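Undergrad: Below you'll find input_20.txt; it's compact mmCIF, C-alpha atoms (C1' of nucleotides).
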# COMPACT_ATOMS: atom_id res chain seq x y z
CA MET A 896 0.00 0.00 0.00
CA ASP A 897 1.40 3.35 -1.06
CA ASN A 898 1.00 6.05 1.51
CA GLN A 899 3.46 8.50 0.01
CA HIS A 900 0.76 9.81 -2.31
CA LYS A 901 -1.17 10.96 0.74
CA ILE A 902 1.51 13.45 1.62
CA SER A 903 1.64 14.57 -2.01
CA ALA A 904 -2.09 15.16 -1.86
CA TYR A 905 -1.72 17.07 1.38
CA LEU A 906 0.93 19.31 -0.16
CA LYS A 907 -1.33 19.97 -3.15
CA ARG A 908 -4.14 21.06 -0.88
CA LEU A 909 -2.04 23.96 0.41
CA VAL A 910 0.16 25.02 -2.51
CA ASP A 911 -0.04 24.89 -6.27
CA VAL A 912 2.63 22.37 -7.29
CA THR A 913 3.13 20.10 -10.28
CA ASP A 914 2.73 16.33 -9.98
CA GLU A 915 6.51 15.98 -10.18
CA GLU A 916 7.05 18.47 -7.36
CA ALA A 917 4.47 16.69 -5.24
CA GLU A 918 6.08 13.31 -5.83
CA LEU A 919 9.57 14.55 -5.10
CA PHE A 920 8.30 16.11 -1.90
CA ALA A 921 6.87 12.78 -0.78
CA THR A 922 10.16 10.94 -1.25
CA TYR A 923 11.60 12.93 1.65
CA PHE A 924 9.25 11.20 4.08
CA THR A 925 9.73 7.78 5.61
CA GLU A 926 6.88 5.50 6.50
CA THR A 927 7.07 4.03 9.99
CA LYS A 928 4.87 1.72 12.02
CA ILE A 929 4.39 2.62 15.66
CA LYS A 930 2.88 0.16 18.11
CA ARG A 931 0.30 1.18 20.67
CA GLY A 932 2.07 2.50 23.76
CA GLN A 933 5.31 3.27 21.94
CA TYR A 934 6.83 6.75 22.23
CA ILE A 935 8.16 8.63 19.23
CA ILE A 936 9.30 11.67 21.23
CA GLN A 937 10.61 11.79 24.78
CA PRO A 938 11.86 14.56 27.08
CA SER A 939 15.58 15.33 27.00
CA PHE A 940 15.95 13.85 23.51
CA VAL A 941 15.72 16.22 20.55
CA ALA A 942 12.56 15.73 18.48
CA LYS A 943 14.03 14.45 15.23
CA HIS A 944 10.82 14.33 13.22
CA ARG A 945 7.64 15.98 12.24
CA ASN A 946 5.04 13.20 11.96
CA TYR A 947 2.08 13.00 9.60
CA VAL A 948 -0.45 10.41 10.73
CA ILE A 949 -1.57 7.93 8.04
CA GLU A 950 -3.38 5.66 10.44
CA GLY A 951 -3.85 5.52 14.18
CA ALA A 952 -3.88 8.06 17.00
CA PHE A 953 -1.28 9.88 19.08
CA LYS A 954 -1.12 11.94 22.21
CA GLY A 955 1.44 14.60 23.12
CA PHE A 956 1.81 15.35 26.83
CA VAL A 957 4.11 16.71 29.51
CA ILE A 958 4.70 15.49 33.04
CA ASP A 959 4.81 18.25 35.66
CA LYS A 960 6.97 18.37 38.78
CA LYS A 961 4.26 16.61 40.80
CA GLY A 962 4.43 13.72 38.35
CA GLU A 963 1.12 14.55 36.77
CA GLU A 964 0.36 14.20 33.11
CA HIS A 965 -1.03 17.06 30.99
CA THR A 966 -2.21 16.40 27.46
CA ILE A 967 -0.92 19.02 25.04
CA SER A 968 -2.08 17.66 21.70
CA PHE A 969 -3.81 14.87 19.85
CA ALA A 970 -3.35 13.62 16.31
CA ILE A 971 -5.35 11.19 14.21
CA GLU A 972 -5.38 10.50 10.45
CA ASP A 973 -4.38 13.53 8.39
CA TRP A 974 -3.00 15.45 11.39
CA TRP A 975 0.58 16.31 12.27
CA ILE A 976 2.29 15.89 15.60
CA SER A 977 5.67 16.64 17.15
CA ASP A 978 7.21 18.69 19.96
CA VAL A 979 7.37 21.86 17.87
CA ASN A 980 9.53 23.76 20.33
CA SER A 981 12.06 20.96 20.29
CA PHE A 982 11.87 20.39 16.55
CA ILE A 983 12.25 23.93 15.27
CA TYR A 984 15.01 24.93 17.69
CA GLN A 985 16.54 21.41 17.73
CA GLN A 986 16.67 21.48 21.49
CA PRO A 987 15.79 18.72 23.97
CA ALA A 988 12.09 17.97 24.08
CA THR A 989 9.88 18.64 27.08
CA MET A 990 7.05 16.54 25.70
CA PHE A 991 6.28 12.89 25.24
CA VAL A 992 4.49 11.84 22.08
CA GLY A 993 3.10 8.33 22.21
CA ALA A 994 0.81 6.12 20.16
CA LEU A 995 -2.68 5.48 21.55
CA GLU A 996 -3.24 2.78 18.89
CA ASN A 997 -1.13 0.78 16.48
CA SER A 998 -0.30 3.47 13.97
CA ILE A 999 1.46 4.37 10.74
CA VAL A 1000 3.15 7.74 10.24
CA LEU A 1001 5.14 9.49 7.57
CA GLN A 1002 8.17 11.09 9.17
CA ILE A 1003 10.44 13.84 7.98
CA ASP A 1004 13.56 14.72 9.90
CA PHE A 1005 14.83 18.22 10.57
CA GLU A 1006 17.67 18.16 8.02
CA LYS A 1007 15.51 16.76 5.23
CA GLU A 1008 12.86 19.37 5.93
CA LYS A 1009 15.53 22.05 5.78
CA GLU A 1010 16.62 20.75 2.39
CA LEU A 1011 13.07 20.84 1.07
CA LYS A 1012 12.54 24.38 2.28
CA ALA A 1013 15.76 25.54 0.63
CA MET A 1014 15.19 23.64 -2.60
CA ASN A 1015 11.89 25.04 -3.77
CA HIS A 1016 10.04 28.22 -2.92
CA LYS A 1017 6.72 26.32 -2.98
CA TYR A 1018 7.89 23.84 -0.36
CA GLU A 1019 8.89 26.76 1.81
CA THR A 1020 5.43 28.23 1.29
CA PHE A 1021 3.89 24.94 2.38
CA PHE A 1022 5.73 24.95 5.70
CA ARG A 1023 4.92 28.64 6.17
CA ILE A 1024 1.22 27.97 5.77
CA MET A 1025 1.44 24.97 8.11
CA ALA A 1026 3.12 27.12 10.75
CA GLU A 1027 0.65 29.98 10.35
CA ARG A 1028 -2.30 27.65 10.73
CA GLY A 1029 -0.68 25.90 13.66
CA SER A 1030 -0.17 29.24 15.32
CA ALA A 1031 -3.77 30.29 14.71
CA PHE A 1032 -4.97 26.93 16.05
CA HIS A 1033 -3.03 27.35 19.28
CA LEU A 1034 -4.30 30.89 19.67
CA ARG A 1035 -7.92 29.77 19.35
CA ARG A 1036 -7.26 27.26 22.09
CA ILE A 1037 -5.78 29.93 24.34
CA ILE A 1038 -8.81 32.15 23.76
CA SER A 1039 -11.14 29.24 24.46
CA ASN A 1040 -9.34 28.53 27.73
CA LEU A 1041 -9.54 32.17 28.78
CA THR A 1042 -13.19 32.69 27.96
CA HIS A 1043 -14.97 29.39 28.64
CA THR A 1044 -15.87 27.26 31.65
CA ALA A 1045 -14.87 23.60 31.86
CA GLU A 1046 -18.22 22.47 30.52
CA GLU A 1047 -18.14 24.94 27.63
CA ARG A 1048 -14.67 23.79 26.68
CA TYR A 1049 -15.90 20.22 26.52
CA ASP A 1050 -18.93 21.21 24.40
CA TYR A 1051 -16.69 23.16 22.05
CA PHE A 1052 -14.30 20.24 21.64
CA LEU A 1053 -17.12 17.77 21.02
CA GLU A 1054 -18.55 20.00 18.36
CA LYS A 1055 -15.25 20.80 16.68
CA TYR A 1056 -13.44 17.46 16.93
CA PRO A 1057 -16.04 14.73 17.43
CA LEU A 1058 -13.83 12.09 15.81
CA ILE A 1059 -11.05 12.71 18.28
CA ALA A 1060 -13.36 12.93 21.28
CA VAL A 1061 -14.68 9.40 20.82
CA ARG A 1062 -11.28 7.92 20.13
CA VAL A 1063 -9.02 9.02 22.95
CA PRO A 1064 -9.14 7.97 26.61
CA GLN A 1065 -11.31 10.27 28.68
CA TYR A 1066 -8.58 11.06 31.16
CA ALA A 1067 -6.43 12.35 28.30
CA LEU A 1068 -9.23 14.48 26.92
CA ALA A 1069 -10.02 15.85 30.39
CA SER A 1070 -6.39 16.80 30.79
CA TYR A 1071 -6.31 18.45 27.33
CA LEU A 1072 -9.33 20.50 28.37
CA ASN A 1073 -7.64 21.50 31.63
CA MET A 1074 -9.87 19.61 34.05
CA THR A 1075 -9.72 16.36 36.02
CA THR A 1076 -11.04 13.09 34.71
CA GLN A 1077 -13.54 13.03 37.59
CA PHE A 1078 -14.94 16.40 36.68
CA LEU A 1079 -15.33 15.47 33.03
CA SER A 1080 -17.16 12.34 34.14
CA ARG A 1081 -19.60 14.48 36.12
CA ILE A 1082 -20.17 16.79 33.17
CA ARG A 1083 -20.97 13.82 30.96
CA LYS A 1084 -23.32 12.36 33.55
CA LYS A 1085 -25.18 15.64 33.84
CA LYS A 1086 -25.61 15.80 30.07
CA ALA A 1087 -26.75 12.18 29.85
CA GLU A 1088 -29.50 12.85 32.40
CA LYS A 1089 -31.08 15.47 30.18
CA MET B 821 13.85 59.78 12.16
CA ASP B 822 14.01 56.75 9.90
CA ASN B 823 12.28 53.71 11.31
CA GLN B 824 12.25 51.66 8.14
CA HIS B 825 15.78 50.48 8.83
CA LYS B 826 14.50 48.82 12.00
CA ILE B 827 12.39 46.43 9.98
CA SER B 828 15.35 45.79 7.69
CA ALA B 829 17.43 44.95 10.73
CA TYR B 830 14.69 42.66 12.02
CA LEU B 831 14.59 40.81 8.70
CA LYS B 832 18.37 40.41 8.77
CA ARG B 833 18.23 38.83 12.20
CA LEU B 834 16.15 35.94 10.83
CA VAL B 835 17.34 35.42 7.26
CA ASP B 836 20.52 36.03 5.30
CA VAL B 837 19.63 38.82 2.88
CA THR B 838 21.62 41.49 1.07
CA ASP B 839 21.34 45.15 2.06
CA GLU B 840 19.30 45.77 -1.08
CA GLU B 841 16.86 42.98 -0.25
CA ALA B 842 16.49 44.29 3.27
CA GLU B 843 15.82 47.83 2.07
CA LEU B 844 13.28 46.74 -0.51
CA PHE B 845 11.51 44.70 2.13
CA ALA B 846 11.21 47.74 4.37
CA THR B 847 9.56 49.84 1.65
CA TYR B 848 6.50 47.59 1.88
CA PHE B 849 5.77 48.85 5.38
CA THR B 850 4.00 52.05 6.30
CA GLU B 851 4.77 54.02 9.43
CA THR B 852 1.72 55.02 11.44
CA LYS B 853 1.20 56.91 14.68
CA ILE B 854 -1.42 55.52 17.01
CA LYS B 855 -2.73 57.51 19.97
CA ARG B 856 -3.25 56.01 23.37
CA GLY B 857 -6.68 54.41 23.53
CA GLN B 858 -7.03 54.09 19.78
CA TYR B 859 -7.89 50.70 18.26
CA ILE B 860 -6.09 49.32 15.23
CA ILE B 861 -8.17 46.13 15.06
CA GLN B 862 -11.81 45.63 16.00
CA PRO B 863 -14.20 42.66 15.92
CA SER B 864 -16.23 42.15 12.75
CA PHE B 865 -13.72 44.10 10.66
CA VAL B 866 -11.01 42.14 8.84
CA ALA B 867 -7.54 42.69 10.31
CA LYS B 868 -5.84 44.48 7.45
CA HIS B 869 -2.35 44.66 8.91
CA ARG B 870 0.38 42.94 10.71
CA ASN B 871 1.92 45.56 13.03
CA TYR B 872 5.54 45.87 14.12
CA VAL B 873 5.93 48.12 17.15
CA ILE B 874 8.58 50.84 16.86
CA GLU B 875 7.53 52.68 19.99
CA GLY B 876 4.75 52.29 22.52
CA ALA B 877 2.65 49.39 23.81
CA PHE B 878 -0.41 47.49 22.65
CA LYS B 879 -2.92 45.06 24.05
CA GLY B 880 -4.96 42.48 22.15
CA PHE B 881 -8.12 41.27 23.84
CA VAL B 882 -11.54 39.72 23.33
CA ILE B 883 -14.84 40.49 25.01
CA ASP B 884 -16.84 37.43 26.05
CA LYS B 885 -20.60 37.05 26.05
CA LYS B 886 -20.77 38.34 29.64
CA GLY B 887 -19.09 41.52 28.47
CA GLU B 888 -15.84 40.69 30.19
CA GLU B 889 -12.45 41.47 28.75
CA HIS B 890 -9.74 38.83 28.29
CA THR B 891 -6.23 39.87 27.34
CA ILE B 892 -4.83 37.71 24.56
CA SER B 893 -1.54 39.39 23.80
CA PHE B 894 0.77 42.29 24.51
CA ALA B 895 3.28 44.01 22.27
CA ILE B 896 5.97 46.58 23.04
CA GLU B 897 9.00 47.74 21.00
CA ASP B 898 10.30 45.07 18.62
CA TRP B 899 7.19 42.87 18.96
CA TRP B 900 4.47 42.14 16.43
CA ILE B 901 0.75 42.23 17.00
CA SER B 902 -2.42 41.51 15.04
CA ASP B 903 -5.42 39.20 15.11
CA VAL B 904 -3.62 36.37 13.39
CA ASN B 905 -6.74 34.31 12.78
CA SER B 906 -8.36 37.24 11.07
CA PHE B 907 -5.25 38.29 9.17
CA ILE B 908 -4.19 34.98 7.67
CA TYR B 909 -7.68 33.86 6.68
CA GLN B 910 -8.84 37.44 5.90
CA GLN B 911 -11.98 36.87 7.93
CA PRO B 912 -13.66 39.22 10.42
CA ALA B 913 -11.64 39.70 13.58
CA THR B 914 -12.76 38.51 17.00
CA MET B 915 -10.15 40.58 18.79
CA PHE B 916 -9.58 44.19 19.63
CA VAL B 917 -6.06 45.54 19.42
CA GLY B 918 -5.61 48.91 21.08
CA ALA B 919 -2.76 51.21 22.05
CA LEU B 920 -1.91 51.46 25.76
CA GLU B 921 0.38 54.42 25.05
CA ASN B 922 0.95 56.85 22.22
CA SER B 923 2.72 54.58 19.76
CA ILE B 924 4.39 54.21 16.40
CA VAL B 925 4.06 51.05 14.31
CA LEU B 926 5.19 49.80 10.94
CA GLN B 927 2.24 48.22 9.18
CA ILE B 928 2.09 45.82 6.29
CA ASP B 929 -1.22 44.88 4.75
CA PHE B 930 -2.26 41.42 3.63
CA GLU B 931 -1.83 41.99 -0.10
CA LYS B 932 1.58 43.59 0.25
CA GLU B 933 2.74 40.75 2.47
CA LYS B 934 1.49 38.28 -0.13
CA GLU B 935 3.54 40.09 -2.77
CA LEU B 936 6.66 39.95 -0.65
CA LYS B 937 6.22 36.24 0.01
CA ALA B 938 5.79 35.53 -3.71
CA MET B 939 8.61 37.78 -4.82
CA ASN B 940 11.57 36.35 -2.98
CA HIS B 941 12.16 32.95 -1.41
CA LYS B 942 14.00 34.62 1.48
CA TYR B 943 11.03 36.81 2.36
CA GLU B 944 8.88 33.70 2.40
CA THR B 945 11.40 32.10 4.73
CA PHE B 946 11.19 35.09 7.02
CA PHE B 947 7.43 34.78 7.40
CA ARG B 948 7.76 31.03 7.84
CA ILE B 949 10.18 31.49 10.71
CA MET B 950 7.95 34.16 12.27
CA ALA B 951 4.98 31.81 12.12
CA GLU B 952 6.95 28.86 13.53
CA ARG B 953 8.17 30.92 16.45
CA GLY B 954 4.73 32.37 17.02
CA SER B 955 3.33 28.88 17.12
CA ALA B 956 5.99 27.69 19.57
CA PHE B 957 5.36 30.76 21.74
CA HIS B 958 1.63 30.06 21.95
CA LEU B 959 2.31 26.42 22.73
CA ARG B 960 4.57 27.33 25.64
CA ARG B 961 1.79 29.50 27.00
CA ILE B 962 -0.70 26.65 26.71
CA ILE B 963 1.68 24.33 28.55
CA SER B 964 2.25 26.95 31.22
CA ASN B 965 -1.50 27.34 31.71
CA LEU B 966 -1.98 23.58 32.00
CA THR B 967 0.83 22.94 34.42
CA HIS B 968 1.10 25.99 36.68
CA THR B 969 -0.94 27.67 39.40
CA ALA B 970 -1.94 31.32 39.18
CA GLU B 971 1.04 32.38 41.30
CA GLU B 972 3.48 30.32 39.25
CA ARG B 973 2.16 31.80 36.03
CA TYR B 974 2.76 35.29 37.42
CA ASP B 975 6.30 34.40 38.53
CA TYR B 976 7.05 32.93 35.12
CA PHE B 977 5.77 36.03 33.34
CA LEU B 978 7.74 38.36 35.59
CA GLU B 979 10.91 36.42 34.94
CA LYS B 980 10.39 36.07 31.20
CA TYR B 981 8.90 39.47 30.30
CA PRO B 982 9.82 41.93 33.06
CA LEU B 983 9.67 44.93 30.71
CA ILE B 984 6.09 44.16 29.78
CA ALA B 985 5.02 43.39 33.34
CA VAL B 986 5.91 46.88 34.58
CA ARG B 987 4.38 48.65 31.63
CA VAL B 988 0.86 47.32 31.26
CA PRO B 989 -2.12 47.85 33.59
CA GLN B 990 -2.37 45.18 36.23
CA TYR B 991 -5.90 44.23 35.33
CA ALA B 992 -4.75 43.48 31.78
CA LEU B 993 -1.85 41.38 33.01
CA ALA B 994 -4.11 39.50 35.42
CA SER B 995 -6.47 38.76 32.58
CA TYR B 996 -3.60 37.59 30.34
CA LEU B 997 -2.54 35.22 33.12
CA ASN B 998 -6.11 33.92 33.47
CA MET B 999 -6.90 35.30 36.92
CA THR B 1000 -8.82 38.23 38.37
CA THR B 1001 -7.20 41.56 39.09
CA GLN B 1002 -8.07 41.09 42.77
CA PHE B 1003 -6.29 37.78 42.95
CA LEU B 1004 -3.17 39.17 41.30
CA SER B 1005 -3.25 42.01 43.79
CA ARG B 1006 -3.29 39.48 46.64
CA ILE B 1007 -0.40 37.53 45.11
CA ARG B 1008 1.64 40.72 44.89
CA LYS B 1009 0.81 41.66 48.45
CA LYS B 1010 1.90 38.27 49.71
CA LYS B 1011 5.21 38.58 47.86
CA ALA B 1012 5.79 42.12 49.13
CA GLU B 1013 5.37 40.96 52.73
CA LYS B 1014 8.27 38.56 52.42
C1' DC C 1154 -9.63 -15.51 32.33
C1' DG C 1155 -7.14 -12.19 35.14
C1' DG C 1156 -4.66 -8.10 36.10
C1' DA C 1157 -4.12 -3.52 34.86
C1' DT C 1158 -6.13 0.42 33.14
C1' DC C 1159 -10.07 3.41 32.83
C1' DG C 1160 -14.31 5.62 34.25
C1' DT C 1161 -17.67 6.59 38.06
C1' DT C 1162 -19.47 8.25 42.31
C1' DG C 1163 -19.62 10.44 46.94
C1' DA C 1164 -17.61 13.42 50.43
C1' DT C 1165 -14.59 16.93 51.57
C1' DC C 1166 -11.51 20.67 50.38
C1' DA C 1167 -8.87 24.50 48.19
C1' DA C 1168 -7.92 27.80 44.70
C1' DC C 1169 -9.72 31.35 42.88
C1' DT C 1170 -13.95 34.35 41.97
C1' DT C 1171 -17.47 37.51 43.06
C1' DC C 1172 -19.41 41.35 45.29
C1' DA C 1173 -18.79 45.55 47.50
C1' DA C 1174 -16.53 49.51 49.21
C1' DC C 1175 -12.70 52.65 49.39
C1' DG C 1176 -8.45 55.36 48.30
C1' DG C 1177 -5.10 56.78 45.00
C1' DT C 1178 -3.63 58.76 40.71
C1' DC C 1179 -3.61 60.03 36.15
C1' DG C 1180 -4.67 62.84 32.27
C1' DT C 1181 -7.99 65.81 30.22
C1' DG C 1182 -10.90 69.86 29.67
C1' DG C 1183 -11.87 74.23 31.23
C1' DC D 256 -2.28 74.67 35.61
C1' DC D 257 -5.71 73.21 38.51
C1' DA D 258 -9.77 70.44 39.61
C1' DC D 259 -12.48 66.79 38.84
C1' DG D 260 -14.01 62.57 36.95
C1' DA D 261 -12.78 58.19 35.38
C1' DC D 262 -10.02 54.54 35.81
C1' DC D 263 -7.09 51.55 38.56
C1' DG D 264 -5.46 48.87 42.42
C1' DT D 265 -6.52 47.18 47.16
C1' DT D 266 -8.84 44.88 50.83
C1' DG D 267 -12.35 42.04 53.26
C1' DA D 268 -16.02 38.61 53.36
C1' DA D 269 -18.68 35.27 51.26
C1' DG D 270 -19.41 32.16 47.51
C1' DT D 271 -18.44 28.73 43.67
C1' DT D 272 -16.08 26.08 40.47
C1' DG D 273 -13.51 22.49 40.03
C1' DA D 274 -9.75 19.58 42.63
C1' DT D 275 -8.55 16.01 45.76
C1' DC D 276 -9.07 11.73 48.20
C1' DA D 277 -10.89 7.30 48.34
C1' DA D 278 -13.36 3.33 46.98
C1' DC D 279 -15.63 0.67 43.71
C1' DG D 280 -17.17 -1.16 39.08
C1' DA D 281 -16.43 -1.86 34.23
C1' DT D 282 -13.76 -3.07 30.37
C1' DC D 283 -10.20 -4.26 27.53
C1' DC D 284 -6.56 -6.75 25.88
C1' DG D 285 -2.86 -10.07 26.46
Written as structure tokens, that's how I'd like the structure from this file.
TA:
Amino acid sequence: MDNQHKISAYLKRLVDVTDEEAELFATYFTETKIKRGQYIIQPSFVAKHRNYVIEGAFKGFVIDKKGEEHTISFAIEDWWISDVNSFIYQQPATMFVGALENSIVLQIDFEKEKELKAMNHKYETFFRIMAERGSAFHLRRIISNLTHTAEERYDYFLEKYPLIAVRVPQYALASYLNMTTQFLSRIRKKKAEK
Amino acid sequence: MDNQHKISAYLKRLVDVTDEEAELFATYFTETKIKRGQYIIQPSFVAKHRNYVIEGAFKGFVIDKKGEEHTISFAIEDWWISDVNSFIYQQPATMFVGALENSIVLQIDFEKEKELKAMNHKYETFFRIMAERGSAFHLRRIISNLTHTAEERYDYFLEKYPLIAVRVPQYALASYLNMTTQFLSRIRKKKAEK
DNA sequence: CGGATCGTTGATCAACTTCAACGGTCGTGG
DNA sequence: CCACGACCGTTGAAGTTGATCAACGATCCG
């Protein structure tokens, strides 16, 4: 099964490239299978790759000084995941990224990505658009966290990302939404009673 | 006083351009004076510009359905500010951006920025790096909000951005840190007593 | 089938908010 | 350049959202 064409298609969605450019782009990615429970990024190691999910689901999280886990990001099919701070500055990661299911990703490492960006203006444009949208995405989350209650944040997530909500463990979702798993359970119970 | 060279210098810090390229880049920006209290971005209007602060201070904020204000971002000299979601998608803004002091900015509008990006690979690279760093910045804030208490968030801000902390109204800082102005006042009192 | 992981529920608790009142100060108009 | 109003920060008391602690039940996968 050829998954490289999926990254070509993704590229084409964002920039206007020829078939040849799209195919060349795809050759810079490596397909990798990741088993459920396996980590692809760990604190103190530099995040080598940006990962495009072909199949499966991932969770990015940090562990605070009390030993508690905080979910930072999720990724399912057609999403990207990495420790961006670690990747772009090539500094040790603070995040874990682990597979929630048996998964397949297309990986590109920092040096290869650098080559692509330098090689062709359109590839550079692609990564610029990715970064801009990533930035806007994070900002919307910050605004949501500042302006909504726990229950509203859950509603918003359900509405916006229903496919993710049903697929990840509830404790991880609760943590992503900045609440405890117990509190999310109570919110769900309250809704079910209506 | 020539402020255009400041944007040239900024460009040079991120990408390796010739003097000519840096000067040309700068000509795409327009210098504007903004009076204290004046808004440069308002909800329901499309954010026309990205703004680079030469002098002064700005605050970006949203108003929630209860009519309460939430600070999203600050900008002082050598920082950028806009409603990024509105700017990159050219959709109506959800944010206000207003001047906290009499200020001077260099503005570039969406179409001009598009031209620059298309014109020269290096300019595209510049905006890519800006977006990547913006994204990483937002992500660090999200992580900080997930893992720290109100007091820790204040300490972190003070350490990281002392120049901003002393320059913006306390209620705006409290709101940025996701706490009430009263609670920040109590935190400060507690620290002063030590 | 069995242990570990995950979600639920109840009781208590803490961080932070809300409401209200007051004092300071800043900058704007007369 | 002064006075006054609006805005800003502070403080106290009461209230609320959501956390913590603890125990139990369900489920999933190996």
Undergrad: Record the distance separating CA of Phe881 (chain B) and CA of Glu933 (chain B), expressed in Å with one decimal.
TA: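 Computing it gives 24.0 Å between the two atoms.
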Undergrad: Pick out the residues sitting within 12 Å of Val904 (chain B), and hand them over as a ChimeraX atom specification; count all atoms listed in the file, and ignore anything fewer than 5 positions along from it in its own chain.
TA: /A:1026-1035 /B:861,866-871,880,892-893,909-917,930,950-951,954-955,958
Undergrad: Find the residues in chain A near chain D: any atom within 10 Å counts, using only C-alpha atoms (C1' of nucleotides). Write them as a PyMOL selection string.
TA: chain A and resi 1044-1045+1074-1075+1077-1078
Undergrad: At a cut-off of 10 Å, which residues of chain A touch chain C? Count only C-alpha atoms (C1' of nucleotides) and give the answer as a list in words.
TA: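 Interface list for chain A against chain C: Pro1064, Gln1065, Tyr1066, Thr1076, Gln1077, Leu1079, Ser1080, Arg1081 and Lys1084 of chain A.
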Undergrad: Given the choices A:Glu972, A:Asp1050, A:Glu964, A:Glu1010, which gets closest to chain B if the distance is worked out from only C-alpha atoms?
TA: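 Ranked by minimum distance to chain B, first place goes to A:Glu964.
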Undergrad: Do you know which residues are at most 9 Å from His890 (chain B) counting all atoms listed in the file, after dropping those on the same chain fewer than 3 positions away, and could you put them as a short mmCIF file (atom, residue, chain, number, x, y, z; two decimals) with C-alpha atoms, in the coordinates of the input?
TA:
data_model
loop_
_atom_site.label_atom_id
_atom_site.label_comp_id
_atom_site.auth_asym_id
_atom_site.auth_seq_id
_atom_site.Cartn_x
_atom_site.Cartn_y
_atom_site.Cartn_z
CA ILE A 1038 -8.81 32.15 23.76
CA LEU A 1041 -9.54 32.17 28.78
CA THR A 1042 -13.19 32.69 27.96
CA GLY B 880 -4.96 42.48 22.15
CA PHE B 881 -8.12 41.27 23.84
CA VAL B 882 -11.54 39.72 23.33
CA ILE B 883 -14.84 40.49 25.01
CA ASP B 884 -16.84 37.43 26.05
CA ALA B 992 -4.75 43.48 31.78
CA SER B 995 -6.47 38.76 32.58
CA TYR B 996 -3.60 37.59 30.34
CA ASN B 998 -6.11 33.92 33.47
#
Undergrad: With 6 Å of padding per side, what axis-aligned box (centre and edge lengths, Å, one decimal) covers all the listed atoms of region 950-953 of chain B? Give it as lines of an AutoDock Vina configuration file.
TA:
center_x = 6.6
center_y = 31.5
center_z = 14.3
size_x = 15.2
size_y = 17.3
size_z = 16.3
Undergrad: Could you tell me which of A:Val910, A:Leu919, A:Ala904, A:Ile971 comes closest to chain B if we count all atoms listed in the file?
TA: A:Val910
Undergrad: Nearest to chain B: which of A:Ser998, A:Ser903, A:Ser981, A:Gln933 is it, counting all atoms listed in the file?
TA: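 The closest residue to chain B is A:Ser981.
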Undergrad: Measure the distance from CA of Leu1011 (chain A) to CA of Ile902 (chain A) in Å and round it to one decimal.
TA: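 One can read the CA of Leu1011 (chain A) to CA of Ile902 (chain A) distance as 13.7 Å.
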